[in-house]
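I have placed the structure first, in the form of structure tokens, so that the comments after it can refer back to it.
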Amino acid sequence: MNTLDFSILAQSWPYLWSGLLFSLSLTAAAFVIGMVLGTGLALVQHFEIPVVAQIVRGYVAVIRSIPLILVLFWFFFLVPIVLGHLSGNGRPIPIGATWTAFITFGLFEAAYYSEIIRVGLRAVNKGQFEACQALALSTYDTYRHIVLPQVLRVASPIILSQTIILFQDTSLVYVLSLTDLLGAASKLAQLNGRLVEMYLVVAVTYLAISSAASQCVAALRKRYAVATSR
Amino acid sequence: MFGVLFEQTADGQRYIDWLLSGLGWTLALAFFGWWIAFGIGVIVGVGRTVQNRFFSVLARLYVEIFRNIPVLVQMFLWYFVLPEVVPSALGDAIKQIPPPWASFFPALLCLGLYTAARIAEQVRAGIEALPRGQIEAASALGLGGYLTYRYVIVPQALRLIVPSLTSEVMGIYKNTSVALTIGLMELTAQARQISEATFQTFSAFGAATIIYLCLALIAYQAMTFIDKAVRIPGSSPVKLTPDQDLAADMQQGTLPGAMEAVK
Amino acid sequence: MPQETVSDAAAAPSIVIVENVMKRFGAFTALNDVNLAVGKGEKIVVCGPSGSGKSTLIRCINHIEKHDGGRIIVDGVELSHRLADINSVRCEVGMVFQSFNLFPHLTVAENCMLAPMKVRGISQVEARDRALGLLRKVRIHDQADKYPAQLSGGQQQRVAIARALCMQPKIMLFDEPTSALDPEMVKEVLDTMVELAREGMTMVCVTHEMGFAREVADRVVFMDRGCIIEQADPETFFRAPRTERAKGFLSQIIH
């Protein structure tokens, strides 16, 4: 058993730190894109918009049934081709692994968030809709001011738990050779040979961030449970 | 479109053989990993709910650690870090394991223990959802702690969580693809290899995607079947309508069209 | 005093006209050829056994249920299934539900302000003034910035009444407003409704509160199996119901 030597951290932390920042910004971007798009996808299904709803349902089912790594491979291959077609000249436009990661995680998470919101939409009490009707609120106002705020509130613990999983999943950009926290550690490990220390540091960092976040979600859930009991 | 799969590879096989071999590893990993996860998950989940503080803290710690580190990082810990931190004789023995088993066993351990933490949380939720009266009735009958859990609590809790276990089954077979990072040639890795060998990326990934979709469908069907098979007769879940009055007005209460939330 | 209102109501033109209305849920007929006219300022109590269609009837009046046949005319506008008609009717008709249906994520005041601002287009300041005024009227203005879950059932139902009044409706519909309340809270809600009745509001109430019916109703409408079986002023109805079904119903309600 080799002795552990964490002094190596002194020189490597700026690189690890930039890796962590990349992981966090990927998480944040995927959260924003995923929530906006996911709400849209959920509403399309909720309103049973013909054809579009079926397509969305298929998209969500496929994305949720295949591994994220395969999705990353798919998008890495497809996004340049699709962009090429959109731009008109038909030639693939290489956008690089970083952009692929942002787009993939955004679209991938949208499928997961949309399922949460779709179930939330179904759970809204029928009386809420009736009260809105009785007050002559338009469909837009009903969803904008009454339904969606309630859905997001009720679903917020699940949405946040999913976001913690998302944060952990961003480590999979390793397969695109990106320099996220794990990628940074792995590159340093190859340089300095201290892979035990590097991977342990990464594990502890993820553990600390995810479990702090989980505690916050648990506290939120508890507070919410008190606020809605009646 | 999938014609390429039947072409000869450099090693004399056909590409579809690569895919099928990948599927084999994926299934083996998911199947055996699932039973490890289920066994440990039930034990840890029960541990989360017992009075004994030592066990409950230990179980809590297990869940916190295995749930809050990304699967990929755990994969690296088992594959790269474990042989270095155990006594060097054992470490060397681990390093002597020939491929592909050198990748398979760490991956199996990783997925099993990771999924166990997730299952443990489901089991705990299932146990906590049971009415208190069940434990009280068991105690009143003189059943001890072990017998109460073995014959009263766990059987009911597991039935409750069959639907949510479905997503864990889906989770573990999807996570098998993470094993490609430590060199296991499972389904996704084979698809990528075919794509690199033939440049038929669309066919290669498409075939893998279809296989994964079939697996999802099978997993879903199997869990639905299990849910039905283990359901206690007479306890089919009844969804109550929130609008009691309308239900009363309509005398029996279940009219799908009228009940559905207003569009 | 009830007698006076009866004569007033009789003279007034009808503000709600329900003609030959049919409503089915699948094979079940909830309303079978129902006719009812409500005069301006009239107070009607609808009663009947559960499943008699009384809730369905008033839910049809502001189109929360869609009637399958017949005509409903509210304040001169026929309730076709066109959205514009439906909304113009709903602006004139306030509704109070059995289960309150307050918006849990909005404060009491916000519950009252939302629809006037979004539908009537009044300013926030004006909406708040109006909300506070009406909350004062139902005697809970000191709770204006609390959330519904922080209030008792009786208080919540009074907020629901204030919320409906904020739209300045011409007619108020009450769908068993006291059925979901603990007994000690029924009175505070009924008092509010009585006060509203005294001010001349047109009201259609589905309720089993016979004391309330006696005190304010101009007319009691008795329904069973989707039909109006009998209607009369409360004195007559309670003293001498004409039909066996009404007698049976009353004997169950009044011990």
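Starting from 1 in every chain, residues are counted up; chains themselves are A, B, ... following the order of the structure tokens, and ligands are numbered from 1 as listed.
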
Hey, could you make a per-residue contact list for chain A against chain B with 7 Å as the cut-off, showing the nearest pair of atoms and its distance in Å to one decimal, counting only C-alpha atoms, sorted by chain and number, as a Markdown table?
| residue | atom | partner | partner_atom | distance |
| --- | --- | --- | --- | --- |
| A:Met1 | CA | B:Pro87 | CA | 4.9 |
| A:Asn2 | CA | B:Glu84 | CA | 6.6 |
| A:Phe47 | CA | B:Lys263 | CA | 6.2 |
| A:Val62 | CA | B:Leu213 | CA | 6.8 |
| A:Ser65 | CA | B:Ala216 | CA | 5.8 |
| A:Ile66 | CA | B:Tyr212 | CA | 5.7 |
| A:Pro67 | CA | B:Lys174 | CA | 4.5 |
| A:Ile69 | CA | B:Ser177 | CA | 6.8 |
| A:Leu70 | CA | B:Thr188 | CA | 6.2 |
| A:Trp74 | CA | B:Phe205 | CA | 7.0 |
| A:Asn125 | CA | B:Pro242 | CA | 6.8 |
| A:Lys126 | CA | B:Ala261 | CA | 5.5 |
| A:Phe129 | CA | B:Val262 | CA | 6.6 |
| A:Gln168 | CA | B:Pro70 | CA | 4.8 |
| A:Asp169 | CA | B:Pro70 | CA | 6.6 |
| A:Ser171 | CA | B:Leu72 | CA | 6.9 |
| A:Leu172 | CA | B:Leu72 | CA | 6.8 |
| A:Val196 | CA | B:Val81 | CA | 5.1 |
| A:Tyr199 | CA | B:Leu77 | CA | 6.8 |
| A:Ala203 | CA | B:Ile69 | CA | 6.0 |
| A:Tyr206 | CA | B:Ile69 | CA | 5.5 |
| A:Leu207 | CA | B:Asn68 | CA | 5.0 |
| A:Ser210 | CA | B:Asn68 | CA | 5.3 |
| A:Ser211 | CA | B:Asn68 | CA | 5.9 |

Give the residues of chain A that lie within 6 Å of chain C; count only C-alpha atoms, and format the answer as a PyMOL selection string.
chain A and resi 127-128+134+136

Write the residues of the preceding selection, restricted to N, CA and C atoms, as a PDB file, in the first residue's frame.
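Contents of result_17.pdb, as written:
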ATOM      1  N   GLY A 127     -60.430  21.536  -8.509  1.00  0.00           N
ATOM      2  CA  GLY A 127     -61.088  22.722  -7.976  1.00  0.00           C
ATOM      3  C   GLY A 127     -60.355  24.004  -8.321  1.00  0.00           C
ATOM      4  N   GLN A 128     -59.033  23.920  -8.463  1.00  0.00           N
ATOM      5  CA  GLN A 128     -58.264  25.108  -8.821  1.00  0.00           C
ATOM      6  C   GLN A 128     -58.662  25.589 -10.215  1.00  0.00           C
ATOM      7  N   ALA A 134     -64.470  30.040 -12.844  1.00  0.00           N
ATOM      8  CA  ALA A 134     -65.532  30.847 -12.248  1.00  0.00           C
ATOM      9  C   ALA A 134     -65.131  32.314 -12.188  1.00  0.00           C
ATOM     10  N   ALA A 136     -63.394  33.699 -14.485  1.00  0.00           N
ATOM     11  CA  ALA A 136     -63.228  34.105 -15.879  1.00  0.00           C
ATOM     12  C   ALA A 136     -61.780  34.348 -16.273  1.00  0.00           C
TER      13      ALA A 136
END

Can you list, as an MDAnalysis selection string, every protein, DNA or RNA residue that comes within 8 Å of Leu41 of chain A when you count only C-alpha atoms, leaving out same-chain residues fewer than 2 positions away?
chainID A and resid 37:39 43:45 56 110:111 114

For the residues in that selection, give me N, CA, C and O atoms as a short mmCIF file (atom, residue, chain, number, x, y, z; two decimals), in the first residue's frame.
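Dumped to selection03.cif:
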data_model
loop_
_atom_site.label_atom_id
_atom_site.label_comp_id
_atom_site.auth_asym_id
_atom_site.auth_seq_id
_atom_site.Cartn_x
_atom_site.Cartn_y
_atom_site.Cartn_z
N LEU A 37 -37.35 24.46 -21.43
CA LEU A 37 -37.79 23.55 -22.47
C LEU A 37 -38.70 22.45 -21.90
O LEU A 37 -39.72 22.10 -22.51
N GLY A 38 -38.34 21.96 -20.72
CA GLY A 38 -39.11 20.89 -20.10
C GLY A 38 -40.53 21.34 -19.79
O GLY A 38 -41.49 20.59 -19.97
N THR A 39 -40.69 22.59 -19.31
CA THR A 39 -42.03 23.11 -19.05
C THR A 39 -42.81 23.16 -20.36
O THR A 39 -43.99 22.78 -20.41
N LEU A 43 -46.21 21.09 -21.21
CA LEU A 43 -47.46 21.76 -21.58
C LEU A 43 -47.98 21.22 -22.91
O LEU A 43 -49.19 21.02 -23.07
N VAL A 44 -47.06 20.98 -23.85
CA VAL A 44 -47.48 20.43 -25.14
C VAL A 44 -48.21 19.10 -24.93
O VAL A 44 -49.26 18.85 -25.52
N GLN A 45 -47.67 18.27 -24.03
CA GLN A 45 -48.33 16.99 -23.77
C GLN A 45 -49.62 17.20 -22.99
O GLN A 45 -50.62 16.54 -23.23
N VAL A 56 -43.31 14.74 -29.02
CA VAL A 56 -42.67 15.05 -27.74
C VAL A 56 -42.65 13.81 -26.86
O VAL A 56 -41.64 13.48 -26.23
N ALA A 110 -34.20 18.34 -20.21
CA ALA A 110 -35.56 18.79 -20.54
C ALA A 110 -36.52 17.61 -20.49
O ALA A 110 -37.64 17.73 -20.00
N ALA A 111 -36.07 16.46 -20.99
CA ALA A 111 -36.94 15.28 -20.99
C ALA A 111 -37.28 14.86 -19.56
O ALA A 111 -38.42 14.52 -19.26
N SER A 114 -39.47 17.56 -17.86
CA SER A 114 -40.82 17.61 -18.42
C SER A 114 -41.69 16.52 -17.81
O SER A 114 -42.88 16.72 -17.58
#

I'd like the contact shell of segment 99-113 of chain B - 7 Å cut-off, only C-alpha atoms, skipping same-chain residues fewer than 2 positions apart - returned as a ChimeraX atom specification.
/B:29,33-34,36-37,74-75,78-79,97,115-117,172,179,182-184

Would you mind exporting C-alpha atoms of the selected residues as a short mmCIF file (atom, residue, chain, number, x, y, z; two decimals), in the first residue's frame?
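Below is the file that was written, again.cif:
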data_model
loop_
_atom_site.label_atom_id
_atom_site.label_comp_id
_atom_site.auth_asym_id
_atom_site.auth_seq_id
_atom_site.Cartn_x
_atom_site.Cartn_y
_atom_site.Cartn_z
CA LEU B 29 -23.75 -6.36 -15.54
CA GLY B 33 -25.64 -5.88 -10.34
CA TRP B 34 -29.36 -5.72 -9.70
CA ILE B 36 -26.38 -7.21 -5.37
CA ALA B 37 -28.20 -3.87 -5.27
CA GLN B 74 -17.14 5.49 -8.13
CA MET B 75 -16.22 3.42 -11.16
CA TRP B 78 -13.08 0.73 -7.69
CA TYR B 79 -10.95 0.35 -10.80
CA ILE B 97 -7.09 -10.36 -13.14
CA THR B 115 -27.90 1.21 -7.01
CA ALA B 116 -28.21 -0.35 -3.55
CA ALA B 117 -28.09 3.14 -2.01
CA ILE B 172 -29.01 0.22 -13.55
CA ALA B 179 -18.40 0.80 -17.54
CA ILE B 182 -12.89 1.52 -17.57
CA GLY B 183 -12.64 -0.47 -20.77
CA LEU B 184 -15.56 -2.87 -20.63
#

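Summary of the local environment: counting only C-alpha atoms, residues at most 10 Å from segment 144-157 of chain B, other than itself and those fewer than 5 positions away along its chain, are Val42, Ile43, Gly45, Val46, Val50, Gln51, Gln122, Val123, Arg124, Ala125, Gly126, Ile127, Glu128, Ala129, Leu130, Pro131, Gln134, Ile135, Glu136, Ala137, Ala138, Ser139, Val162, Val230, Arg231 and Ile232 of chain B.
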
Next, the residues of the selection above should be written as a compact mmCIF listing (two decimals), in the first residue's frame with N, CA and C atoms.
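What landed in result_29.txt:
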# COMPACT_ATOMS: atom_id res chain seq x y z
N VAL B 42 -32.16 -3.64 0.40
CA VAL B 42 -33.19 -3.99 1.40
C VAL B 42 -32.59 -3.93 2.80
N ILE B 43 -31.39 -4.49 2.96
CA ILE B 43 -30.77 -4.49 4.28
C ILE B 43 -30.51 -3.06 4.76
N GLY B 45 -31.89 -0.32 3.66
CA GLY B 45 -33.17 0.39 3.80
C GLY B 45 -33.82 0.07 5.13
N VAL B 46 -33.81 -1.20 5.51
CA VAL B 46 -34.33 -1.59 6.82
C VAL B 46 -33.49 -0.93 7.91
N VAL B 50 -34.50 1.21 11.67
CA VAL B 50 -34.51 0.53 12.98
C VAL B 50 -34.19 1.51 14.09
N GLN B 51 -34.57 1.11 15.33
CA GLN B 51 -34.36 1.98 16.49
C GLN B 51 -32.87 2.10 16.84
N GLN B 122 -35.69 3.89 -1.40
CA GLN B 122 -37.05 3.47 -1.76
C GLN B 122 -37.64 2.57 -0.68
N VAL B 123 -36.81 1.61 -0.21
CA VAL B 123 -37.29 0.68 0.82
C VAL B 123 -37.67 1.47 2.07
N ARG B 124 -36.82 2.40 2.44
CA ARG B 124 -37.13 3.21 3.63
C ARG B 124 -38.46 3.95 3.44
N ALA B 125 -38.62 4.57 2.27
CA ALA B 125 -39.87 5.30 2.01
C ALA B 125 -41.06 4.34 2.10
N GLY B 126 -40.89 3.14 1.56
CA GLY B 126 -41.97 2.15 1.61
C GLY B 126 -42.31 1.78 3.04
N ILE B 127 -41.28 1.57 3.86
CA ILE B 127 -41.51 1.20 5.26
C ILE B 127 -42.20 2.35 5.99
N GLU B 128 -41.74 3.56 5.73
CA GLU B 128 -42.32 4.70 6.45
C GLU B 128 -43.75 4.99 6.01
N ALA B 129 -44.11 4.50 4.79
CA ALA B 129 -45.47 4.75 4.32
C ALA B 129 -46.47 3.78 4.94
N LEU B 130 -45.97 2.70 5.57
CA LEU B 130 -46.90 1.75 6.18
C LEU B 130 -47.53 2.37 7.41
N PRO B 131 -48.81 2.03 7.64
CA PRO B 131 -49.44 2.57 8.84
C PRO B 131 -48.74 2.07 10.11
N GLN B 134 -49.40 -1.37 11.90
CA GLN B 134 -48.82 -2.66 11.51
C GLN B 134 -47.73 -3.09 12.50
N ILE B 135 -46.85 -2.14 12.84
CA ILE B 135 -45.79 -2.47 13.79
C ILE B 135 -46.40 -2.74 15.16
N GLU B 136 -47.39 -1.92 15.52
CA GLU B 136 -48.02 -2.08 16.83
C GLU B 136 -48.71 -3.43 16.93
N ALA B 137 -49.41 -3.81 15.84
CA ALA B 137 -50.11 -5.10 15.86
C ALA B 137 -49.11 -6.24 15.98
N ALA B 138 -47.99 -6.12 15.23
CA ALA B 138 -46.98 -7.18 15.29
C ALA B 138 -46.39 -7.28 16.69
N SER B 139 -46.12 -6.13 17.30
CA SER B 139 -45.58 -6.14 18.66
C SER B 139 -46.59 -6.75 19.62
N VAL B 162 -42.81 -1.49 -5.69
CA VAL B 162 -42.54 -2.11 -7.00
C VAL B 162 -42.53 -1.07 -8.13
N VAL B 230 -47.63 -9.71 -7.44
CA VAL B 230 -47.46 -9.69 -5.98
C VAL B 230 -48.53 -8.85 -5.28
N ARG B 231 -49.41 -8.25 -6.07
CA ARG B 231 -50.42 -7.39 -5.43
C ARG B 231 -51.32 -8.23 -4.53
N ILE B 232 -51.60 -7.69 -3.35
CA ILE B 232 -52.45 -8.41 -2.42
C ILE B 232 -53.88 -8.36 -2.94

For Cys60 of chain C, work out the shell of residues within 12 Å, counting only C-alpha atoms and skipping chain neighbours fewer than 3 positions away, then give it as a PyMOL selection string.
(chain A and resi 130+133-134) or (chain C and resi 16-19+21-24+30-31+34+53-57+63-74+79-81+86+89-90+93+95+173+175)

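For Ala162 of chain C, the set of protein, DNA and RNA residues having any atom at most 9 Å away, when counting only C-alpha atoms and skipping those fewer than 6 positions along the same chain, is C:Cys112, C:Ala131, C:Leu134, C:Leu135, C:Lys137, C:Val138.
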
Would you list, as a PyMOL selection string, the residues of segment 66-242 of chain C that end up in strand (DSSP E or B) under DSSP run on this structure's backbone?
chain C and resi 69-74+77-78+93-96+171-175+202-206+219-224+227-232
